[in-house]
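Shown next: input-v7.cif, containing mmCIF, C-alpha atoms.
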data_my_file
loop_
_atom_site.label_atom_id
_atom_site.label_comp_id
_atom_site.auth_asym_id
_atom_site.auth_seq_id
_atom_site.Cartn_x
_atom_site.Cartn_y
_atom_site.Cartn_z
CA MET P 1 0.00 0.00 0.00
CA TYR P 2 1.29 3.45 -0.90
CA PRO P 3 1.39 6.02 1.92
CA CYS P 4 -0.63 8.53 -0.16
CA THR P 5 -3.62 6.19 -0.54
CA ALA P 6 -4.51 6.68 3.12
CA LEU P 7 -5.53 10.26 2.19
CA ILE P 8 -7.87 9.29 -0.65
CA PRO P 9 -11.03 8.95 1.50
CA PHE P 10 -10.53 12.54 2.68
CA LEU P 11 -10.22 13.86 -0.88
CA LYS P 12 -13.62 12.54 -1.99
CA THR P 13 -16.49 14.99 -2.17
CA MET P 14 -20.23 14.62 -1.90
CA PRO P 15 -22.35 14.53 -5.06
CA THR P 16 -23.65 17.97 -6.02
CA LEU P 17 -27.40 18.46 -5.82
CA ILE P 18 -28.72 20.96 -8.35
CA PRO P 19 -31.89 22.25 -6.65
CA ARG P 20 -33.42 23.87 -9.72
CA PRO P 21 -32.58 24.77 -13.32
CA THR P 22 -32.05 28.28 -14.63
CA ARG P 23 -34.53 29.50 -17.26
CA ILE P 24 -32.86 30.88 -20.37
CA GLU P 25 -34.36 33.01 -23.13
CA ALA P 26 -34.38 31.12 -26.42
CA ALA P 27 -33.61 32.35 -29.92
CA GLY P 28 -36.31 31.80 -32.52
CA ASN P 29 -39.58 32.97 -33.93
CA LYS P 30 -41.73 31.87 -30.93
CA PRO P 31 -41.16 31.61 -27.18
CA LYS P 32 -39.47 28.36 -26.14
CA SER P 33 -38.72 27.06 -22.66
CA ILE P 34 -35.07 26.26 -21.90
CA GLU P 35 -34.18 25.09 -18.41
CA GLU P 36 -30.44 24.67 -17.96
CA HIS P 37 -29.67 22.09 -15.27
CA VAL P 38 -25.90 21.97 -15.84
CA GLY P 39 -23.87 24.58 -17.69
CA LEU P 40 -22.23 27.96 -17.53
CA LEU P 41 -25.21 29.82 -16.04
CA ASN P 42 -26.65 27.35 -13.54
CA THR P 43 -23.58 25.53 -12.23
CA ALA P 44 -20.58 27.40 -13.75
CA THR P 45 -19.72 24.17 -15.61
CA ALA P 46 -17.72 24.83 -18.78
CA ASN P 47 -17.16 21.30 -20.10
CA VAL P 48 -20.83 20.29 -20.56
CA SER P 49 -24.32 21.73 -20.51
CA ILE P 50 -27.56 19.82 -20.01
CA ALA P 51 -30.88 21.54 -20.73
CA HIS P 52 -34.55 20.55 -20.81
CA MET P 53 -36.17 22.10 -23.88
CA ARG P 54 -39.88 22.60 -24.60
CA SER P 55 -40.62 24.03 -28.04
CA PRO P 56 -44.07 24.99 -29.34
CA GLU P 57 -45.57 23.97 -32.65
CA GLY P 58 -44.14 26.14 -35.43
CA TRP P 59 -40.98 27.16 -33.52
CA GLN P 60 -37.79 27.64 -35.54
CA GLU P 61 -34.46 29.13 -34.55
CA PRO P 62 -31.86 30.77 -36.77
CA GLY P 63 -29.29 28.49 -38.32
CA GLN P 64 -26.02 28.12 -36.43
CA THR P 65 -22.50 26.78 -36.82
CA PRO P 66 -21.56 25.95 -33.23
CA GLU P 67 -18.13 25.12 -31.83
CA PHE P 68 -19.64 22.40 -29.61
CA GLU P 69 -21.07 18.94 -30.17
CA GLU P 70 -24.78 18.70 -29.31
CA TYR P 71 -26.65 15.56 -28.32
CA SER P 72 -30.46 15.79 -28.34
CA VAL P 73 -32.82 13.13 -26.94
CA VAL P 74 -36.48 13.56 -27.90
CA LEU P 75 -38.96 12.92 -25.08
CA ARG P 76 -42.15 14.09 -26.83
CA GLY P 77 -43.07 15.22 -30.35
CA VAL P 78 -40.73 15.64 -33.31
CA LEU P 79 -37.52 17.70 -33.42
CA CYS P 80 -36.46 18.64 -36.95
CA VAL P 81 -32.73 19.13 -37.53
CA GLU P 82 -31.73 20.68 -40.83
CA SER P 83 -28.14 20.60 -42.10
CA LYS P 84 -26.50 21.38 -45.41
CA SER P 85 -26.78 17.69 -46.30
CA GLY P 86 -30.49 17.28 -45.52
CA LYS P 87 -33.18 17.24 -42.86
CA LEU P 88 -33.78 14.75 -40.05
CA GLU P 89 -37.03 14.25 -38.15
CA VAL P 90 -36.10 12.95 -34.71
CA THR P 91 -39.03 11.31 -32.90
CA VAL P 92 -39.80 10.08 -29.37
CA GLY P 93 -37.05 7.76 -28.12
CA GLN P 94 -34.60 8.79 -30.83
CA SER P 95 -31.49 10.94 -30.53
CA VAL P 96 -29.36 13.05 -32.83
CA ILE P 97 -25.77 14.29 -32.63
CA THR P 98 -24.64 17.48 -34.37
CA HIS P 99 -20.95 18.20 -34.74
CA PRO P 100 -18.75 21.28 -34.23
CA GLY P 101 -18.40 23.41 -37.36
CA GLU P 102 -21.52 21.88 -38.95
CA TRP P 103 -24.32 24.30 -39.95
CA VAL P 104 -27.63 23.23 -38.38
CA ARG P 105 -31.08 24.64 -37.73
CA TYR P 106 -33.56 23.22 -35.23
CA SER P 107 -37.35 23.46 -35.50
CA THR P 108 -40.55 21.90 -34.16
CA PRO P 109 -43.11 22.39 -36.96
CA TYR P 110 -45.66 19.75 -36.00
CA PRO P 111 -48.74 19.96 -33.75
CA GLY P 112 -47.84 19.82 -30.07
CA GLY P 113 -44.24 20.96 -30.63
CA ALA P 114 -41.54 18.90 -28.91
CA GLU P 115 -39.81 18.27 -25.62
CA TYR P 116 -36.20 17.14 -25.53
CA ILE P 117 -32.97 17.09 -23.57
CA ALA P 118 -29.98 18.86 -25.15
CA ILE P 119 -26.43 18.12 -24.02
CA CYS P 120 -23.59 20.29 -25.35
CA VAL P 121 -19.88 19.45 -25.08
CA PRO P 122 -18.28 21.80 -24.22
CA ALA P 123 -21.09 23.80 -22.60
CA PHE P 124 -23.36 25.99 -24.71
CA SER P 125 -22.43 29.66 -24.73
CA PRO P 126 -23.64 32.54 -26.92
CA PRO P 127 -20.13 33.37 -28.23
CA THR P 128 -19.60 29.77 -29.48
CA VAL P 129 -22.98 29.10 -31.14
CA HIS P 130 -22.37 31.41 -34.16
CA ARG P 131 -26.01 32.01 -35.15
CA ASP P 132 -26.94 33.21 -38.62
CA PRO P 133 -27.56 36.95 -38.61
CA SER P 134 -31.28 36.64 -39.47
CA MET P 135 -34.11 34.15 -39.62
CA THR P 136 -34.35 32.35 -42.95
CA GLY P 137 -37.08 30.00 -43.99
#
Represent the structure of the file as structure tokens.
Amino acid sequence: MYPCTALIPFLKTMPTLIPRPTRIEAAGNKPKSIEEHVGLLNTATANVSIAHMRSPEGWQEPGQTPEFEEYSVVLRGVLCVESKSGKLEVTVGQSVITHPGEWVRYSTPYPGGAEYIAICVPAFSPPTVHRDPSMTG
């Protein structure tokens, strides 16, 4: 046994409880609910962000070319993800990964909108999302 290993139990920390998410204003043509559980605003976490999204029917955001990878898991409805190579319709129980430097645009055009979890690595931040200057259809 190494002498340093006796200190390891004292170096452990308790898990961190996040008592509530922070609501964030969303970009797009309609109001959308974003609740950041983990990320720069709610927990000062720079390496990942985890947010619960609720988008209404007909919502669309400007296109973007982010510096982060984004993982989205659809809980309800259909999340449409448009890229330069085509359009995906991600349904309940499915997931999608978008990659850094790839132009994408998210929307929820169908009745009932969509609810999904978005995970960004590193964490989402306005300076690294690189949104298009205006809404385009």
Picked residues, the PyMOL selection byres ((chain P and resi 101) around 6), expected as a PDB file with C-alpha atoms, keeping the file's coordinate frame:
ATOM      1  CA  THR P  65     -22.500  26.780 -36.820  1.00  0.00           C
ATOM      2  CA  PRO P  66     -21.560  25.950 -33.230  1.00  0.00           C
ATOM      3  CA  GLU P  67     -18.130  25.120 -31.830  1.00  0.00           C
ATOM      4  CA  PRO P 100     -18.750  21.280 -34.230  1.00  0.00           C
ATOM      5  CA  GLU P 102     -21.520  21.880 -38.950  1.00  0.00           C
TER       6      GLU P 102
END
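Once Ser107 (chain P) and its same-chain neighbours fewer than 6 positions away are set aside, Gly58, Trp59, Gln60, Glu61, Leu79, Cys80 and Val81 of chain P remain within 8 Å of it when counting all atoms listed in the file.
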Can you list what the PyMOL selection byres ((chain P and resi 130) around 12) grabs from this structure, as JSON, numbers by chain? {"P": [62, 63, 64, 65, 66, 67, 68, 100, 101, 102, 103, 104, 105, 124, 125, 126, 127, 128, 129, 131, 132, 133, 134]}
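The closest residue to Glu69 (chain P), picked from P:Gly86, P:Gly28, P:Gly112, P:Pro122 and counting all atoms listed in the file, is P:Pro122.
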Nearest residue to Glu70 (chain P) out of P:Thr98, P:His37, P:Arg23, P:Met53, using only C-alpha atoms? P:Thr98
